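Peer 1: upload.txt is the file, holding compact mmCIF, C-alpha atoms:
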```
# COMPACT_ATOMS: atom_id res chain seq x y z
CA MET E 1 -15.31 -7.15 -8.35
CA ARG E 2 -13.22 -5.46 -5.65
CA LYS E 3 -10.47 -3.04 -6.63
CA LEU E 4 -6.85 -3.57 -5.62
CA VAL E 5 -5.32 -0.16 -4.86
CA ASN E 6 -1.59 0.21 -4.23
CA SER E 7 -0.61 3.23 -2.13
CA THR E 8 3.10 4.01 -1.83
CA TYR E 9 4.96 6.84 -0.12
CA ILE E 10 8.04 7.77 -2.12
CA THR E 11 10.75 10.45 -2.05
CA LEU E 12 11.93 12.45 -5.04
CA ASP E 13 14.90 10.09 -5.30
CA GLY E 14 12.73 6.95 -5.28
CA VAL E 15 13.17 5.81 -1.67
CA ILE E 16 10.22 3.99 -0.08
CA ASP E 17 11.93 2.23 2.85
CA ASN E 18 11.32 3.26 6.46
CA PRO E 19 9.07 6.22 5.64
CA MET E 20 9.71 8.21 8.81
CA TRP E 21 10.49 11.07 6.40
CA THR E 22 6.72 11.33 5.76
CA MET E 23 5.94 12.54 9.27
CA PRO E 24 6.55 16.29 8.70
CA TYR E 25 4.16 16.08 5.73
CA PHE E 26 1.36 14.10 7.36
CA ASP E 27 -0.90 17.09 7.90
CA GLU E 28 -4.68 17.45 7.89
CA GLU E 29 -4.91 17.05 4.09
CA ALA E 30 -2.83 13.87 4.12
CA ALA E 31 -4.79 12.49 7.08
CA SER E 32 -8.06 13.16 5.28
CA LEU E 33 -6.95 11.36 2.11
CA ALA E 34 -5.40 8.48 4.07
CA GLY E 35 -8.63 8.15 6.06
CA ALA E 36 -10.75 8.10 2.90
CA GLN E 37 -8.40 5.47 1.46
CA THR E 38 -8.72 3.15 4.45
CA GLU E 39 -12.46 3.82 4.76
CA ALA E 40 -12.86 2.53 1.19
CA ALA E 41 -10.93 -0.71 1.96
CA ASP E 42 -11.93 -3.63 4.14
CA ALA E 43 -8.80 -5.69 3.46
CA MET E 44 -5.07 -5.08 3.21
CA LEU E 45 -2.55 -6.99 1.08
CA MET E 46 1.20 -6.89 1.66
CA GLY E 47 4.43 -8.71 1.06
CA ARG E 48 6.66 -10.05 3.80
CA ALA E 49 8.86 -6.93 4.14
CA THR E 50 5.85 -4.65 4.57
CA TYR E 51 4.27 -7.13 6.99
CA ASP E 52 7.44 -7.21 9.10
CA GLY E 53 7.56 -3.40 9.28
CA PHE E 54 3.86 -2.87 9.90
CA SER E 55 3.43 -5.73 12.40
CA SER E 56 6.25 -4.38 14.55
CA ALA E 57 4.91 -0.80 14.51
CA TRP E 58 1.09 -0.74 14.42
CA PRO E 59 0.32 -2.97 17.43
CA ASN E 60 2.26 -0.47 19.60
CA MET E 61 0.08 2.46 18.51
CA ASP E 62 -2.83 3.77 20.59
CA GLU E 63 -6.06 2.41 19.09
CA SER E 64 -8.17 4.77 21.20
CA ASP E 65 -6.66 7.79 19.40
CA PRO E 66 -8.48 8.07 16.05
CA THR E 67 -5.67 10.20 14.59
CA THR E 68 -3.21 7.29 14.61
CA GLY E 69 -5.12 4.93 12.31
CA ALA E 70 -4.09 2.09 14.63
CA ALA E 71 -7.63 0.80 15.16
CA TYR E 72 -7.99 0.27 11.41
CA PHE E 73 -4.56 -1.25 10.78
CA ASN E 74 -4.69 -3.57 13.78
CA ASN E 75 -8.19 -4.87 13.03
CA VAL E 76 -8.63 -4.89 9.25
CA LYS E 77 -8.34 -8.27 7.52
CA LYS E 78 -4.72 -8.60 6.37
CA TYR E 79 -3.34 -10.91 3.69
CA VAL E 80 0.39 -11.53 3.41
CA ALA E 81 2.10 -12.89 0.32
CA SER E 82 4.99 -14.90 1.73
CA THR E 83 6.55 -18.31 1.32
CA THR E 84 8.44 -18.03 4.62
CA LEU E 85 5.91 -16.59 7.09
CA THR E 86 4.03 -19.48 8.66
CA ASN E 87 2.59 -18.20 11.93
CA PRO E 88 1.70 -14.50 11.75
CA THR E 89 1.22 -12.91 15.15
CA TRP E 90 -0.48 -9.67 14.08
CA ASN E 91 -4.24 -9.71 14.68
CA ASN E 92 -6.48 -10.79 11.80
CA THR E 93 -3.61 -11.78 9.48
CA GLU E 94 -3.70 -14.63 6.98
CA VAL E 95 -0.80 -15.85 4.85
CA LEU E 96 -1.87 -16.45 1.26
CA GLN E 97 -1.37 -20.05 0.19
CA GLY E 98 -0.39 -21.30 -3.26
CA ASP E 99 -0.04 -19.18 -6.37
CA LEU E 100 -0.12 -15.42 -5.65
CA VAL E 101 -2.03 -14.48 -8.80
CA GLU E 102 -4.69 -17.14 -8.18
CA ALA E 103 -5.02 -16.15 -4.50
CA VAL E 104 -5.41 -12.43 -5.26
CA THR E 105 -7.82 -13.15 -8.12
CA ALA E 106 -9.97 -15.07 -5.62
CA LEU E 107 -9.76 -12.23 -3.07
CA LYS E 108 -10.84 -9.68 -5.65
CA ALA E 109 -13.82 -11.88 -6.61
CA GLN E 110 -15.13 -11.91 -3.03
CA PRO E 111 -17.75 -9.35 -2.03
CA GLY E 112 -16.43 -6.34 -0.17
CA LYS E 113 -14.75 -2.98 -0.41
CA ASN E 114 -11.36 -2.22 -1.96
CA ILE E 115 -8.20 -4.10 -1.04
CA ILE E 116 -5.43 -1.66 -0.09
CA GLN E 117 -1.78 -2.54 -0.62
CA TYR E 118 1.13 -0.58 0.80
CA GLY E 119 4.71 -0.76 -0.46
CA PHE E 120 5.98 -1.42 -3.96
CA GLY E 121 8.11 -4.47 -4.56
CA SER E 122 8.04 -7.91 -6.10
CA VAL E 123 4.46 -8.67 -4.99
CA THR E 124 3.20 -5.51 -6.68
CA ALA E 125 5.24 -6.28 -9.80
CA GLN E 126 3.69 -9.76 -10.09
CA LEU E 127 0.19 -8.36 -9.63
CA ILE E 128 0.71 -5.58 -12.19
CA ARG E 129 1.98 -8.15 -14.71
CA ALA E 130 -1.14 -10.22 -14.07
CA GLY E 131 -3.42 -7.19 -14.54
CA LEU E 132 -4.71 -7.32 -10.97
CA VAL E 133 -3.70 -3.85 -9.74
CA ASP E 134 -6.52 -1.41 -10.46
CA GLU E 135 -4.84 1.76 -9.25
CA VAL E 136 -1.40 2.89 -8.08
CA ARG E 137 -1.15 5.97 -5.85
CA PHE E 138 2.29 7.49 -5.39
CA TRP E 139 2.52 9.94 -2.52
CA ILE E 140 5.52 11.91 -3.78
CA HIS E 141 7.27 13.70 -0.93
CA PRO E 142 9.51 16.72 -1.55
CA VAL E 143 12.56 15.18 0.12
CA LEU E 144 15.76 13.43 -0.93
CA GLU E 145 16.57 10.57 1.41
CA GLY E 146 19.58 8.95 -0.26
CA GLY E 147 20.29 5.25 -0.40
CA PRO E 148 18.83 2.57 -2.64
CA SER E 149 15.75 3.44 -4.65
CA LEU E 150 12.71 1.22 -4.24
CA THR E 151 12.82 -1.76 -1.90
CA THR E 152 13.05 -4.26 -4.74
CA PRO E 153 14.59 -3.16 -8.04
CA LEU E 154 12.07 -3.93 -10.75
CA THR E 155 14.45 -4.21 -13.68
CA ASP E 156 12.15 -6.37 -15.82
CA LEU E 157 8.81 -4.68 -15.10
CA LYS E 158 7.40 -2.58 -17.89
CA ALA E 159 3.88 -1.15 -17.69
CA SER E 160 2.02 1.95 -18.85
CA PHE E 161 -0.58 3.83 -16.85
CA ASP E 162 -3.15 6.58 -17.36
CA LEU E 163 -3.37 9.42 -14.84
CA VAL E 164 -6.72 9.27 -13.03
CA ASP E 165 -6.25 11.88 -10.31
CA THR E 166 -3.73 14.33 -8.90
CA ARG E 167 -3.84 16.05 -5.53
CA VAL E 168 -1.35 18.67 -4.48
CA HIS E 169 -1.18 19.29 -0.75
CA LYS E 170 -0.08 22.57 0.82
CA SER E 171 2.82 20.66 2.42
CA GLY E 172 4.27 19.95 -1.03
CA VAL E 173 3.18 16.30 -1.17
CA ILE E 174 1.75 15.29 -4.53
CA VAL E 175 -0.52 12.24 -4.68
CA ALA E 176 -0.60 10.95 -8.24
CA SER E 177 -3.10 8.16 -8.95
CA TYR E 178 -2.79 5.95 -12.01
CA ALA E 179 -4.77 3.11 -13.57
CA PRO E 180 -3.24 0.52 -15.89
CA LYS E 181 -3.42 1.66 -19.51
CA VAL E 182 -6.03 -0.30 -21.42
CA THR E 183 -4.77 -1.27 -24.84
CA PRO E 184 -7.45 -1.86 -27.48
```
Please rewrite the model in this file as structure tokens.
Peer 2:
Amino acid sequence: MRKLVNSTYITLDGVIDNPMWTMPYFDEEAASLAGAQTEAADAMLMGRATYDGFSSAWPNMDESDPTTGAAYFNNVKKYVASTTLTNPTWNNTEVLQGDLVEAVTALKAQPGKNIIQYGFGSVTAQLIRAGLVDEVRFWIHPVLEGGPSLTTPLTDLKASFDLVDTRVHKSGVIVASYAPKVTP
């Protein structure tokens, strides 16, 4: 079964929106880990807000420059969880139909590499509740951005995780990877 891996950039004060604040920290170490992450995934899952942000940015990036990641993001198979998006214009994008949990369960059962998910909101919360998220990677950036924390407040989500990996980059970014805690 394929793994669903959530990867989220976050500030010390919990901001994940408009992550332009990551740019000063996207050095060789971050690029290497991000590249390994996308190399291990042949599909991407996102909610509508992430789709809107990504689909307006990535198609404008230079695909011939391997340092941008644009070739991957513009061509990988993309799945969007949305009840309002009907005609996605970004290349190789499909809107999931019907129940989210059933659709993602079916995706995970298909042969292939990991499914990468960016952002952390209501879609992620539903998938964690259903036990479908195999790993959560928080890229904790040493900045305070101000404003609302997290895109979607998750007031009713409670879950426990075990630490599976930690990487500390010279830039100060900490990538903490967690797997859902298995209760006997």
Peer 1: Which value, in Å to one decimal, gives the distance between atom CA of Val95 of chain E and atom CA of Pro19 of chain E?
Peer 2: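 Atom-to-atom, atom CA of Val95 of chain E and atom CA of Pro19 of chain E are spaced 24.2 Å apart.
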Peer 1: At a cut-off of 9 Å, using all atoms listed in the file, what residues contact segment 106-119 of chain E? Leave out same-chain residues fewer than 6 positions from it and give the result as an MDAnalysis selection string.
Peer 2: chainID E and resid 1:9 16:17 37:47 49:50 132 151
Peer 1: For Lys170 of chain E, which residue out of E:Trp21, E:Glu28, E:Gly14, E:Ser64 is the nearest one, using all atoms listed in the file?
Peer 2: E:Glu28
Peer 1: Name the residues, using the chain letters and numbers of the file, that sit within 7 Å of (-4.2, 9.9, -8.4) when counting all atoms listed in the file, and give them as a PDB file with C-alpha atoms, in the coordinates of the input.
Peer 2:
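Output file point_17.pdb is given in full below:
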```pdb
ATOM      1  CA  ARG E 137      -1.150   5.970  -5.850  1.00  0.00           C
ATOM      2  CA  LEU E 163      -3.370   9.420 -14.840  1.00  0.00           C
ATOM      3  CA  VAL E 164      -6.720   9.270 -13.030  1.00  0.00           C
ATOM      4  CA  ASP E 165      -6.250  11.880 -10.310  1.00  0.00           C
ATOM      5  CA  THR E 166      -3.730  14.330  -8.900  1.00  0.00           C
ATOM      6  CA  ARG E 167      -3.840  16.050  -5.530  1.00  0.00           C
ATOM      7  CA  VAL E 175      -0.520  12.240  -4.680  1.00  0.00           C
ATOM      8  CA  ALA E 176      -0.600  10.950  -8.240  1.00  0.00           C
ATOM      9  CA  SER E 177      -3.100   8.160  -8.950  1.00  0.00           C
ATOM     10  CA  TYR E 178      -2.790   5.950 -12.010  1.00  0.00           C
TER      11      TYR E 178
END
```
Peer 1: Using only C-alpha atoms, which residue out of E:Val101, E:Ala130, E:Asn75, E:Pro142 lies closest to Glu63 of chain E?
Peer 2: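 Selected residue with least distance to Glu63 of chain E: E:Asn75.
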Peer 1: For segment 78-85 of chain E, I'd like the enclosing box, axis-aligned and padded by 6 Å on every side, reported as JSON with centre and edge lengths in Å to one decimal.
Peer 2:
```
{"center_x": 1.9, "center_y": -13.5, "center_z": 3.7, "size_x": 25.2, "size_y": 21.7, "size_z": 18.8}
```
Peer 1: Quote the spacing between atom CA of Ile140 of chain E and atom CA of Thr67 of chain E in Å to one decimal place.
Peer 2: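 We find that atom CA of Ile140 of chain E and atom CA of Thr67 of chain E lie 21.6 Å from each other.
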Peer 1: Could you pull out every residue with an atom within 12 Å of (-2.5, -6.6, -16.1), file coordinates, counting all atoms listed in the file, and send them as a list in words?
Peer 2: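 Looking at atoms near the point gives Leu4, Val101, Thr105, Thr124, Ala125, Gln126, Leu127, Ile128, Arg129, Ala130, Gly131, Leu132, Val133, Asp134, Glu135, Leu157, Lys158, Ala159, Ser160, Phe161, Ala179, Pro180, Lys181, Val182 and Thr183 of chain E.
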Peer 1: What is the atom CA of Ala71 of chain E to atom CA of Pro88 of chain E distance in Å?
Peer 2: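 Interatomic distance, atom CA of Ala71 of chain E to atom CA of Pro88 of chain E: 18.2 Å.
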Peer 1: Which of these, E:Gln97, E:Thr11, E:Thr22, E:Asn60, has the shortest distance to Thr84 of chain E once you count all atoms listed in the file?
Peer 2: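 Of the candidates, the smallest distance to Thr84 of chain E is held by E:Gln97.
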Peer 1: Restricting the calculation to all atoms listed in the file: of E:Thr89, E:Ser56, E:Ser82, E:Thr68, which residue gets closest to Gly35 of chain E?
Peer 2: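 Between E:Thr89, E:Ser56, E:Ser82, E:Thr68, the residue approaching Gly35 of chain E most closely is E:Thr68.
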Peer 1: I'd like to know which of E:Val76, E:Arg48, E:Ser171, E:Glu94 is closest to Val123 of chain E, using all atoms listed in the file.
Peer 2: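 Among the listed residues, the smallest separation from Val123 of chain E belongs to E:Arg48.
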Peer 1: With distances taken over all atoms listed in the file, which of E:Tyr72, E:Lys78, E:Asn87, E:Thr93 is nearest to Ala34 of chain E?
Peer 2: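 Closest candidate: E:Tyr72.
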